[in-house]
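Trainee: Submitted below is the structure of interest, expressed as structure tokens.
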Amino acid sequence: MRRQIFKSPVRNLLCVFALSVFVLAVLSFLIPFFRAVLPIFLSEIDFKSTHSFFRILKISSYTFLQALVSMLISVAVGIPAAYLLANKKFFGKKVLYFFGAVPLCVPPLIVVLGYISTFGMNGMFNRFLMSVFNLKDAPLKFLYSFWGIVMVQGFYNFPLVMVSVADSWKTLDSSQADSARLLGAGEIKIFFTITFRQIFPSLVSACIPVFLFCFFSFMIVLLFGAPGTSTLELEIYHAGRSSLDFKSVAILSLVETFSALAMLFLWSVLEKKMRRNHQVVFFENRRTKILGIKKLFTGIYFLIVSVFFLLPLISIFFGSFVSKNGGQNHFSFDAWKKVFAMKDFCSSLGNTFSVAACTSLLCTVAGIFYSTLVRLSKTKRMTAFFYTLPILPMAVSSVAIGIGMSSVFKNSSPLVLVMAQTALSWPFAFRQIHAQMSKIPQTVLDSASVLSSNPLDKIFKIIIPYSWRGILSALGFCFAISAGDATLPLVLSMQKFSTLSLFTYRLASSYRFTEACVSGLILGLVCSVVFFAAKRFGGEK
């Protein structure tokens, strides 16, 4: 009896705490967003201005174009990898599957450093070509252009397409394809008439998030954008931070948000339509060895992936040990000594851990609360409504939220940074946790309702214990997102406060690439270790 009395107040307090965190996360999103778009309603704005209209149209078109081309590159690279994972047996298959975690745990800033070390003006390839052909100028200059942006984003995000499509592909029944082969159809015709339609729902599920990641890309465009070109995200940053033109911030934020919402709506319509017209048969495909001419094409494919995906990541490691002496590069630990001797490094590392830990905790608590609310909803209409709310942060600019936070709180602080990151990241925790909660059989929940009249018993004895794997996964994922975020710390402009991602960005922007590689490598290791530890202890492969 005493034990039950002791447990009841604690559980009530935990519920109040979870509700408070969820309300804080929602308000931390709504208030800054409305503050960012508020100037559009407070004064008259000439929407019919020819210069303003065509300028916004040009920026919007460029943003859509770079996101679309980046997504198509991810698809072009991801589908062959998905085919190999689903249908073939080959050496290094687990390594290829491992690549699927790179976009989730390696921040974009780290990938940027890798491409600079590999394809930059003083990068590995340019140094090699200049030494072999006795060139005075770097021959490879594509990186700081439109094609540099889309190549980086396309190869960075292709593992998301690969894993999503492969997981669907390997569960398809091959009977239709086998029948087509008996009738004389070639492999290319079979793919486009049968297989492609079967994997299309999973392809759409991967493509729209990839498109949105590229649409809202900030750090890659900031460092690689060519003069005279800009995206909506970058334009919002310059308008809010450089020119203090908050009317432009409001207009561009609304344009960006409505565009993203339109893509999300299209995503949901296509996904529902294709899943209604197609039923997946869970059948393990027969995996065969790679034979004949396919070995050549597979080798060429892996060479391309190695050059544009794997090599930039590896170059960060080797780039951190480079030291120039007499105009030539030498192996040295000088950059590591310099970074550890910098007075801001240790404080940035400590700030990264503290901010990421607080953000991941708040995101996970909000995710648990909302996932439980969705799981216990009684009607389909309420469930559909609950699914709408987590979509909104995916359609809003993180730069706009940062500018809105700066307007609400005149003096930015680490607490403001945690609130902003929680507002944008808790939907990812919700998806991780809800995926686990949705596996709980309804009969189990109904039995719990019969055996106990207290709804908290159902939550604390069944729902949360059953979802511990998703909770651990959410903790690691949100920690990696927070630790790798350089956008919000840059936009908030906190005085005498820096995170490791912002510290790395400042080194890179001051052309200290060797030290930036050291800091970026440490940041990547921190994010990866926490992410994979959460996956490992959460029981997920």
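Residues in the structure tokens are named by chain (A, B, ... in the order shown) and by number from 1 within that chain; ligands are numbered from 1 in the order shown.
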Leaving out range 70-85 of chain A and any residue of its chain fewer than 4 positions from it, which residues lie within 7 Å of it when counting only C-alpha atoms, given as an mmCIF file with C-alpha atoms, in the first residue's frame?

Mentor:
data_model
loop_
_atom_site.group_PDB
_atom_site.id
_atom_site.type_symbol
_atom_site.label_atom_id
_atom_site.label_comp_id
_atom_site.auth_asym_id
_atom_site.auth_seq_id
_atom_site.Cartn_x
_atom_site.Cartn_y
_atom_site.Cartn_z
ATOM 1 C CA GLN A 66 19.019 22.690 -56.580
ATOM 2 C CA LYS A 93 27.637 -5.603 -48.114
ATOM 3 C CA VAL A 150 24.019 19.379 -55.838
ATOM 4 C CA MET A 151 26.876 16.844 -55.967
ATOM 5 C CA GLN A 153 23.888 17.094 -51.283
ATOM 6 C CA GLY A 154 23.078 14.257 -53.682
ATOM 7 C CA PHE A 155 25.863 11.944 -52.560
ATOM 8 C CA ASN A 157 21.750 11.885 -48.902
ATOM 9 C CA PHE A 158 21.787 8.890 -51.248
ATOM 10 C CA PRO A 159 22.051 6.385 -48.330
ATOM 11 C CA VAL A 161 17.161 6.395 -50.574
ATOM 12 C CA MET A 162 19.298 3.254 -50.588
ATOM 13 C CA VAL A 163 18.152 1.913 -47.222
ATOM 14 C CA VAL A 165 14.214 1.209 -51.143
ATOM 15 C CA ALA A 166 16.362 -1.831 -50.234
ATOM 16 C CA CYS A 207 12.619 11.213 -51.845
ATOM 17 C CA VAL A 210 15.700 14.136 -49.084
ATOM 18 C CA PHE A 211 14.123 16.965 -51.101
ATOM 19 C CA CYS A 214 18.184 19.866 -49.663
#

Trainee: I'd like to know which residues of range 357-457 of chain A are alpha helix (DSSP H) (by DSSP, run on the backbone); could you write them as JSON, numbers by chain?

Mentor: {"A": [357, 358, 359, 360, 361, 362, 363, 364, 365, 366, 367, 368, 369, 370, 371, 372, 373, 374, 375, 380, 381, 382, 383, 384, 385, 386, 387, 388, 398, 399, 400, 401, 402, 403, 404, 405, 406, 407, 408, 414, 415, 416, 417, 418, 419, 420, 421, 422, 423, 424, 425, 426, 427, 428, 429, 430, 431, 432, 433, 434, 435, 436, 437, 442, 443, 444, 445, 446, 447, 448, 449, 450, 451, 455, 456, 457]}

Trainee: Leaving out Leu456 in chain A and any residue of its chain fewer than 2 positions from it, which residues lie within 9 Å of it when counting only C-alpha atoms, given as a ChimeraX atom specification?

Mentor: /A:8,11-12,15,453-454,458-461

Trainee: Restricted to C-alpha atoms, what would the selected residues look like written as a PDB file, in the first residue's frame?

Mentor:
ATOM      1  CA  SER A   8       1.427   7.527  -7.562  1.00  0.00           C
ATOM      2  CA  ARG A  11       4.049   9.229 -11.743  1.00  0.00           C
ATOM      3  CA  ASN A  12       1.794  12.276 -11.561  1.00  0.00           C
ATOM      4  CA  CYS A  15       3.196  13.265 -16.372  1.00  0.00           C
ATOM      5  CA  SER A 453      -8.968   1.554 -13.997  1.00  0.00           C
ATOM      6  CA  ASN A 454      -5.947   3.866 -13.691  1.00  0.00           C
ATOM      7  CA  LYS A 458      -1.188   1.258 -18.882  1.00  0.00           C
ATOM      8  CA  ILE A 459       1.369   3.964 -19.716  1.00  0.00           C
ATOM      9  CA  PHE A 460       4.068   3.191 -17.140  1.00  0.00           C
ATOM     10  CA  LYS A 461       3.745  -0.612 -17.073  1.00  0.00           C
TER      11      LYS A 461
END

Trainee: Find the spatial neighbours of range 100-111 of chain A, counting only C-alpha atoms, within a cut-off of 9 Å - ignore same-chain residues fewer than 3 positions away - and output them as a PyMOL selection string.

Mentor: chain A and resi 96-97+114-116+152-153+156-163+217+219-220+309+312-313+316+476-477+480-481+483-486+501+504-505+517+520-521+523-525+527-532

Trainee: What does the structure give for the distance between CA of Ile464 in chain A and CA of Phe22 in chain A, in Å to one decimal?

Mentor: 16.5 Å

Trainee: For a test of reading the model, state the distance in Å between CA of Val16 in chain A and CA of Pro455 in chain A, rounded to one decimal.

Mentor: 14.5 Å

Trainee: Could you name the residues that touch range 50-59 of chain A at 9 Å or less, counting only C-alpha atoms, but leaving out those on the same chain fewer than 3 positions away, as a list in words?

Mentor: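 My reading of the contact set: Asp46, Phe47, Tyr62, Thr63, Phe64, Thr229, Ser230, Thr231, Leu232, Glu235, Ile251, Leu252 and Val255 of chain A.
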
Trainee: Out of A:Phe497, A:Gly367, A:Ser117, A:Met342, which residue has the shortest atom-to-atom distance to Leu417 in chain A when counting only C-alpha atoms?

Mentor: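 Nearest to Leu417 in chain A: A:Phe497.
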